[in-house]
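Peer 1: Just dropping this structure here.
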Amino acid sequence: MSNYQFLMAKHACMESERLFLRPVTMHDAVDMFDYTSDEETTRFLYEPHTELQQTEKMIGNYFMKEPIGKYALVLKESDKMIGAIEFRVDDWNKSGDLGFTLNRRFWGNGYMTEAGNTLLHLAFTILELERVHAAHDVNNPMSGNVLRRLGMTQEGILRKSEMIRGTLADSAYYSILKEEYTIRF
């Protein structure tokens, strides 16, 4: 296990002002199905789930199989899981890759920016990475808004870089460097 993996495992549970970030478990299936079955939430990711069993399989085969860096976003006030955020480390170039999904019933409340800032703190302060990057479908400007609120800069467009629902989609690519993050905080 690399030092990054060790530190990520050590920080498997974190919290921010309004959120707990913790590993996804089967107990999250109903809350996760609430947004994986929603057409608007999944539009730029995958086909919406039609049965709870699809969400349970995704939890077991994806989130629980390799849980390091995959967090459930849980509201402190209600213990409801409202989304997921992922962070993968590329140790060869000291960078990280950020991705996220949020139940649309909770859009516009700053939850994803709050969770993203928690992971940027982990990336630059604990892991001492040099760069964090993220991408979103160019047709999903709301994700771009989150990335800009996190202090990221759009670097360009990767043409036909992601397969979304059977169609190749262009991705807007963003990043933030350690020195840019340090200036903000």
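The way I read the labels, and the way they are meant: chains A, B, ... in the order of the structure tokens, residue 1 as the first residue of every chain, and ligand 1 as the first ligand shown, with later ones counted on from there.
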Among the residues of chain A, find those DSSP assigns to strand (DSSP E or B) from the backbone and print them as an MDAnalysis selection string.
Peer 2: chainID A and resid 14:15 19:22 70:75 81:90 95:102 131:137 153:164 167:177
Peer 1: Output as a list in words all residues of region 99-145 of chain A that backbone DSSP marks as helix (DSSP H, G or I).
Peer 2: Arg104, Arg105, Phe106, Tyr111, Met112, Thr113, Glu114, Ala115, Gly116, Asn117, Thr118, Leu119, Leu120, His121, Leu122, Ala123, Phe124, Thr125, Ile126, Pro141, Met142, Ser143, Gly144 and Asn145 of chain A
Peer 1: Given the choices A:Thr153, A:Asn109, A:Thr25, A:Ser171, which gets closest to His136 (chain A) if the distance is worked out from only C-alpha atoms?
Peer 2: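 Between A:Thr153, A:Asn109, A:Thr25, A:Ser171, the residue approaching His136 (chain A) most closely is A:Ser171.
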Peer 1: Between region 63-138 of chain A and region 44-49 of chain A, at 10 Å or less, what are the per-residue closest atom pairs and their distances in Å? Count only C-alpha atoms, order by chain and rising residue number, and return it as JSON lines.
Peer 2:
{"residue": "A:Thr101", "atom": "CA", "partner": "A:Leu45", "partner_atom": "CA", "distance": 8.8}
{"residue": "A:His136", "atom": "CA", "partner": "A:Phe44", "partner_atom": "CA", "distance": 8.3}
{"residue": "A:Asp137", "atom": "CA", "partner": "A:Phe44", "partner_atom": "CA", "distance": 6.5}
{"residue": "A:Val138", "atom": "CA", "partner": "A:Phe44", "partner_atom": "CA", "distance": 9.4}
Peer 1: For the residues in the current selection, export N, CA, C and O atoms as an mmCIF file, in the first residue's frame.
Peer 2:
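Output (part_29.cif):
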data_model
loop_
_atom_site.group_PDB
_atom_site.id
_atom_site.type_symbol
_atom_site.label_atom_id
_atom_site.label_comp_id
_atom_site.auth_asym_id
_atom_site.auth_seq_id
_atom_site.Cartn_x
_atom_site.Cartn_y
_atom_site.Cartn_z
ATOM 1 N N THR A 101 -21.506 13.235 -7.524
ATOM 2 C CA THR A 101 -22.922 13.150 -7.884
ATOM 3 C C THR A 101 -23.723 13.625 -6.687
ATOM 4 O O THR A 101 -23.425 13.245 -5.546
ATOM 5 N N HIS A 136 -16.145 17.343 -16.562
ATOM 6 C CA HIS A 136 -17.596 17.168 -16.631
ATOM 7 C C HIS A 136 -18.042 17.245 -18.083
ATOM 8 O O HIS A 136 -17.365 17.829 -18.934
ATOM 9 N N ASP A 137 -19.181 16.643 -18.365
ATOM 10 C CA ASP A 137 -19.776 16.718 -19.696
ATOM 11 C C ASP A 137 -20.011 18.193 -20.017
ATOM 12 O O ASP A 137 -20.537 18.944 -19.192
ATOM 13 N N VAL A 138 -19.620 18.627 -21.204
ATOM 14 C CA VAL A 138 -19.769 20.041 -21.565
ATOM 15 C C VAL A 138 -21.225 20.504 -21.546
ATOM 16 O O VAL A 138 -21.490 21.701 -21.433
#
Peer 1: Any idea what's packed within 9 Å of Ile59 (chain A), counting only C-alpha atoms, ignoring anything in its chain fewer than 2 positions away? Could you give it as a list in words?
Peer 2: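 Answer for this query is Val24, Thr25, Met26, Asp28, Ala29, Met32, Gln54, Thr55, Glu56, Lys57, Asn61, Tyr62, Phe63, Met64 and Lys65 of chain A.
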Peer 1: Output the selection as a PDB file, in the first residue's frame - C-alpha atoms for each residue.
Peer 2:
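Listed below is the output, out-v4.pdb:
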ATOM      1  CA  VAL A  24     -20.715   3.964   1.119  1.00  0.00           C
ATOM      2  CA  THR A  25     -22.451   0.898   2.608  1.00  0.00           C
ATOM      3  CA  MET A  26     -25.464  -1.230   1.737  1.00  0.00           C
ATOM      4  CA  ASP A  28     -27.229   3.676   1.840  1.00  0.00           C
ATOM      5  CA  ALA A  29     -29.069   1.804  -0.905  1.00  0.00           C
ATOM      6  CA  MET A  32     -28.770   6.311  -3.180  1.00  0.00           C
ATOM      7  CA  GLN A  54     -29.379  -2.106  -9.481  1.00  0.00           C
ATOM      8  CA  THR A  55     -28.257   0.403  -6.865  1.00  0.00           C
ATOM      9  CA  GLU A  56     -27.353  -2.366  -4.418  1.00  0.00           C
ATOM     10  CA  LYS A  57     -25.199  -4.011  -7.095  1.00  0.00           C
ATOM     11  CA  ASN A  61     -19.445  -3.949  -7.096  1.00  0.00           C
ATOM     12  CA  TYR A  62     -18.122  -0.402  -7.206  1.00  0.00           C
ATOM     13  CA  PHE A  63     -18.222   1.483  -3.903  1.00  0.00           C
ATOM     14  CA  MET A  64     -17.532  -1.376  -1.493  1.00  0.00           C
ATOM     15  CA  LYS A  65     -15.184  -3.372  -3.725  1.00  0.00           C
TER      16      LYS A  65
END
Peer 1: Measuring atom to atom with only C-alpha atoms, identify which of A:Arg105, A:Arg184, A:Lys76, A:Arg131 is nearest to Arg149 (chain A).
Peer 2: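 Nearest to Arg149 (chain A): A:Arg184.
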Peer 1: Find, counting only C-alpha atoms, the residue in A:Arg43, A:Lys10, A:Arg18, A:Lys94 that gets nearest to Thr118 (chain A).
Peer 2: A:Arg18
Peer 1: Figure out the distance between CA of Glu15 (chain A) and CA of His27 (chain A), please, to one decimal in Å.
Peer 2: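 That distance, rounded to one decimal, is 19.0 Å.
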Peer 1: Leaving out Ile82 (chain A) and any residue of its chain fewer than 5 positions from it, which residues lie within 9 Å of it when counting only C-alpha atoms, given as an NGL selection string?
Peer 2: :A and (31-32 or 34-35 or 72-75 or 101-106)
Peer 1: Any chance you could export the current selection's N, CA, C and O atoms as a PDB file, in the first residue's frame?
Peer 2:
ATOM      1  N   ASP A  31     -31.358   5.546   0.047  1.00  0.00           N
ATOM      2  CA  ASP A  31     -31.035   6.955  -0.207  1.00  0.00           C
ATOM      3  C   ASP A  31     -30.348   7.126  -1.550  1.00  0.00           C
ATOM      4  O   ASP A  31     -30.620   8.085  -2.283  1.00  0.00           O
ATOM      5  N   MET A  32     -29.457   6.207  -1.905  1.00  0.00           N
ATOM      6  CA  MET A  32     -28.770   6.311  -3.180  1.00  0.00           C
ATOM      7  C   MET A  32     -29.739   6.070  -4.338  1.00  0.00           C
ATOM      8  O   MET A  32     -29.682   6.768  -5.353  1.00  0.00           O
ATOM      9  N   ASP A  34     -32.710   6.881  -4.429  1.00  0.00           N
ATOM     10  CA  ASP A  34     -33.485   8.105  -4.556  1.00  0.00           C
ATOM     11  C   ASP A  34     -32.914   8.994  -5.659  1.00  0.00           C
ATOM     12  O   ASP A  34     -33.646   9.665  -6.375  1.00  0.00           O
ATOM     13  N   TYR A  35     -31.583   9.007  -5.832  1.00  0.00           N
ATOM     14  CA  TYR A  35     -31.031   9.823  -6.917  1.00  0.00           C
ATOM     15  C   TYR A  35     -30.540   9.017  -8.112  1.00  0.00           C
ATOM     16  O   TYR A  35     -30.523   9.530  -9.228  1.00  0.00           O
ATOM     17  N   ALA A  72     -19.642   8.618   0.785  1.00  0.00           N
ATOM     18  CA  ALA A  72     -21.047   8.999   0.836  1.00  0.00           C
ATOM     19  C   ALA A  72     -21.104  10.389   1.440  1.00  0.00           C
ATOM     20  O   ALA A  72     -20.364  10.691   2.384  1.00  0.00           O
ATOM     21  N   LEU A  73     -21.958  11.246   0.907  1.00  0.00           N
ATOM     22  CA  LEU A  73     -22.205  12.561   1.502  1.00  0.00           C
ATOM     23  C   LEU A  73     -23.463  12.429   2.347  1.00  0.00           C
ATOM     24  O   LEU A  73     -24.537  12.148   1.821  1.00  0.00           O
ATOM     25  N   VAL A  74     -23.312  12.636   3.644  1.00  0.00           N
ATOM     26  CA  VAL A  74     -24.409  12.417   4.580  1.00  0.00           C
ATOM     27  C   VAL A  74     -24.673  13.708   5.341  1.00  0.00           C
ATOM     28  O   VAL A  74     -23.752  14.289   5.926  1.00  0.00           O
ATOM     29  N   LEU A  75     -25.929  14.142   5.323  1.00  0.00           N
ATOM     30  CA  LEU A  75     -26.302  15.339   6.070  1.00  0.00           C
ATOM     31  C   LEU A  75     -26.217  15.067   7.565  1.00  0.00           C
ATOM     32  O   LEU A  75     -26.797  14.090   8.059  1.00  0.00           O
ATOM     33  N   THR A 101     -21.506  13.235  -7.524  1.00  0.00           N
ATOM     34  CA  THR A 101     -22.922  13.150  -7.884  1.00  0.00           C
ATOM     35  C   THR A 101     -23.723  13.625  -6.687  1.00  0.00           C
ATOM     36  O   THR A 101     -23.425  13.245  -5.546  1.00  0.00           O
ATOM     37  N   LEU A 102     -24.748  14.431  -6.935  1.00  0.00           N
ATOM     38  CA  LEU A 102     -25.586  14.936  -5.849  1.00  0.00           C
ATOM     39  C   LEU A 102     -27.051  14.798  -6.223  1.00  0.00           C
ATOM     40  O   LEU A 102     -27.463  15.161  -7.337  1.00  0.00           O
ATOM     41  N   ASN A 103     -27.823  14.283  -5.298  1.00  0.00           N
ATOM     42  CA  ASN A 103     -29.279  14.188  -5.445  1.00  0.00           C
ATOM     43  C   ASN A 103     -29.806  15.582  -5.802  1.00  0.00           C
ATOM     44  O   ASN A 103     -29.536  16.551  -5.107  1.00  0.00           O
ATOM     45  N   ARG A 104     -30.573  15.680  -6.875  1.00  0.00           N
ATOM     46  CA  ARG A 104     -30.993  17.001  -7.348  1.00  0.00           C
ATOM     47  C   ARG A 104     -31.886  17.734  -6.354  1.00  0.00           C
ATOM     48  O   ARG A 104     -31.996  18.955  -6.397  1.00  0.00           O
ATOM     49  N   ARG A 105     -32.503  17.013  -5.434  1.00  0.00           N
ATOM     50  CA  ARG A 105     -33.324  17.684  -4.416  1.00  0.00           C
ATOM     51  C   ARG A 105     -32.472  18.548  -3.480  1.00  0.00           C
ATOM     52  O   ARG A 105     -32.986  19.351  -2.720  1.00  0.00           O
ATOM     53  N   PHE A 106     -31.152  18.377  -3.577  1.00  0.00           N
ATOM     54  CA  PHE A 106     -30.241  19.114  -2.701  1.00  0.00           C
ATOM     55  C   PHE A 106     -29.320  20.059  -3.474  1.00  0.00           C
ATOM     56  O   PHE A 106     -28.406  20.638  -2.893  1.00  0.00           O
TER      57      PHE A 106
END
Peer 1: Between A:Tyr181, A:Phe33, A:Tyr173, A:Phe100, single out the one closest to Ala123 (chain A), counting only C-alpha atoms.
Peer 2: A:Tyr181
Peer 1: I'd like the contact shell of Glu179 (chain A) - 12 Å cut-off, only C-alpha atoms, skipping same-chain residues fewer than 2 positions apart - returned as a PDB file with N, CA, C and O atoms, in the first residue's frame.
Peer 2:
ATOM      1  N   PHE A 124      -4.253  18.663  -0.607  1.00  0.00           N
ATOM      2  CA  PHE A 124      -3.110  19.571  -0.565  1.00  0.00           C
ATOM      3  C   PHE A 124      -2.451  19.668   0.810  1.00  0.00           C
ATOM      4  O   PHE A 124      -1.251  19.921   0.892  1.00  0.00           O
ATOM      5  N   THR A 125      -3.207  19.440   1.865  1.00  0.00           N
ATOM      6  CA  THR A 125      -2.651  19.584   3.216  1.00  0.00           C
ATOM      7  C   THR A 125      -2.161  18.261   3.801  1.00  0.00           C
ATOM      8  O   THR A 125      -1.076  18.192   4.364  1.00  0.00           O
ATOM      9  N   GLU A 128      -0.388  16.212   0.419  1.00  0.00           N
ATOM     10  CA  GLU A 128       0.640  17.074  -0.172  1.00  0.00           C
ATOM     11  C   GLU A 128       0.790  16.852  -1.677  1.00  0.00           C
ATOM     12  O   GLU A 128       1.885  16.795  -2.218  1.00  0.00           O
ATOM     13  N   LEU A 129      -0.362  16.760  -2.345  1.00  0.00           N
ATOM     14  CA  LEU A 129      -0.359  16.628  -3.802  1.00  0.00           C
ATOM     15  C   LEU A 129      -0.025  17.973  -4.437  1.00  0.00           C
ATOM     16  O   LEU A 129      -0.094  19.019  -3.784  1.00  0.00           O
ATOM     17  N   GLU A 130       0.303  17.942  -5.710  1.00  0.00           N
ATOM     18  CA  GLU A 130       0.638  19.159  -6.445  1.00  0.00           C
ATOM     19  C   GLU A 130      -0.521  19.680  -7.293  1.00  0.00           C
ATOM     20  O   GLU A 130      -0.560  20.854  -7.633  1.00  0.00           O
ATOM     21  N   ARG A 131      -1.482  18.794  -7.614  1.00  0.00           N
ATOM     22  CA  ARG A 131      -2.535  19.171  -8.558  1.00  0.00           C
ATOM     23  C   ARG A 131      -3.765  18.301  -8.329  1.00  0.00           C
ATOM     24  O   ARG A 131      -3.649  17.121  -8.023  1.00  0.00           O
ATOM     25  N   VAL A 132      -4.947  18.884  -8.488  1.00  0.00           N
ATOM     26  CA  VAL A 132      -6.204  18.135  -8.486  1.00  0.00           C
ATOM     27  C   VAL A 132      -6.949  18.528  -9.759  1.00  0.00           C
ATOM     28  O   VAL A 132      -7.013  19.708 -10.117  1.00  0.00           O
ATOM     29  N   GLY A 151     -12.253  26.807  -7.003  1.00  0.00           N
ATOM     30  CA  GLY A 151     -11.019  27.482  -7.386  1.00  0.00           C
ATOM     31  C   GLY A 151     -10.326  26.883  -8.583  1.00  0.00           C
ATOM     32  O   GLY A 151      -9.193  27.244  -8.907  1.00  0.00           O
ATOM     33  N   MET A 152     -10.994  25.972  -9.266  1.00  0.00           N
ATOM     34  CA  MET A 152     -10.386  25.321 -10.429  1.00  0.00           C
ATOM     35  C   MET A 152     -10.496  26.198 -11.668  1.00  0.00           C
ATOM     36  O   MET A 152     -11.408  27.014 -11.785  1.00  0.00           O
ATOM     37  N   SER A 175      -8.577  22.114 -13.420  1.00  0.00           N
ATOM     38  CA  SER A 175      -7.602  21.736 -12.394  1.00  0.00           C
ATOM     39  C   SER A 175      -7.344  22.907 -11.460  1.00  0.00           C
ATOM     40  O   SER A 175      -7.675  24.061 -11.757  1.00  0.00           O
ATOM     41  N   ILE A 176      -6.737  22.570 -10.330  1.00  0.00           N
ATOM     42  CA  ILE A 176      -6.234  23.547  -9.375  1.00  0.00           C
ATOM     43  C   ILE A 176      -4.879  23.033  -8.898  1.00  0.00           C
ATOM     44  O   ILE A 176      -4.710  21.834  -8.657  1.00  0.00           O
ATOM     45  N   LEU A 177      -3.913  23.944  -8.800  1.00  0.00           N
ATOM     46  CA  LEU A 177      -2.584  23.602  -8.322  1.00  0.00           C
ATOM     47  C   LEU A 177      -2.456  23.912  -6.844  1.00  0.00           C
ATOM     48  O   LEU A 177      -3.187  24.756  -6.309  1.00  0.00           O
ATOM     49  N   TYR A 181      -4.364  26.756  -4.486  1.00  0.00           N
ATOM     50  CA  TYR A 181      -5.168  26.419  -3.308  1.00  0.00           C
ATOM     51  C   TYR A 181      -4.648  27.142  -2.084  1.00  0.00           C
ATOM     52  O   TYR A 181      -5.420  27.707  -1.306  1.00  0.00           O
ATOM     53  N   THR A 182      -3.336  27.184  -1.906  1.00  0.00           N
ATOM     54  CA  THR A 182      -2.716  27.805  -0.739  1.00  0.00           C
ATOM     55  C   THR A 182      -3.049  29.296  -0.676  1.00  0.00           C
ATOM     56  O   THR A 182      -3.279  29.821   0.417  1.00  0.00           O
ATOM     57  N   ILE A 183      -3.115  29.958  -1.804  1.00  0.00           N
ATOM     58  CA  ILE A 183      -3.475  31.376  -1.836  1.00  0.00           C
ATOM     59  C   ILE A 183      -4.890  31.594  -1.328  1.00  0.00           C
ATOM     60  O   ILE A 183      -5.171  32.569  -0.650  1.00  0.00           O
ATOM     61  N   ARG A 184      -5.790  30.655  -1.658  1.00  0.00           N
ATOM     62  CA  ARG A 184      -7.199  30.772  -1.246  1.00  0.00           C
ATOM     63  C   ARG A 184      -7.382  30.595   0.250  1.00  0.00           C
ATOM     64  O   ARG A 184      -8.328  31.106   0.826  1.00  0.00           O
ATOM     65  N   PHE A 185      -6.513  29.797   0.888  1.00  0.00           N
ATOM     66  CA  PHE A 185      -6.741  29.482   2.309  1.00  0.00           C
ATOM     67  C   PHE A 185      -5.581  29.896   3.166  1.00  0.00           C
ATOM     68  O   PHE A 185      -4.511  29.882   3.052  1.00  0.00           O
TER      69      PHE A 185
END
Peer 1: Could you check the closest approach to Met142 (chain A) for each of A:Lys160, A:Thr41, A:Trp92, A:Leu119 and tell me which residue wins, using only C-alpha atoms?
Peer 2: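 Checking each candidate against Met142 (chain A), we get A:Thr41 as the closest.
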Peer 1: Work out how far CA of Ile157 (chain A) is from CA of Met58 (chain A), in Å to one decimal.
Peer 2: 28.8 Å
Peer 1: Show me, as a ChimeraX atom specification, the residues that have an atom within 9 Å of Arg159 (chain A) when counting only C-alpha atoms, minus same-chain residues fewer than 6 positions from it.
Peer 2: /A:168-172
Peer 1: Leaving out Val89 (chain A) and any residue of its chain fewer than 6 positions from it, which residues lie within 12 Å of it when counting only C-alpha atoms, given as a list of chain:residue names?
Peer 2: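 Using only C-alpha atoms, the neighbours found are A:Ser2, A:Asn3, A:Tyr4, A:Gln5, A:Phe6, A:Leu7, A:Met8, A:Ile68, A:Gly69, A:Lys70, A:Ser95, A:Gly96, A:Asp97, A:Leu98, A:Gly99, A:Leu119, A:Leu120, A:Leu122, A:Ala123, A:Phe124, A:Leu127, A:Glu128, A:Leu129, A:Glu130, A:Arg131, A:Val132, A:His133, A:Ala134.
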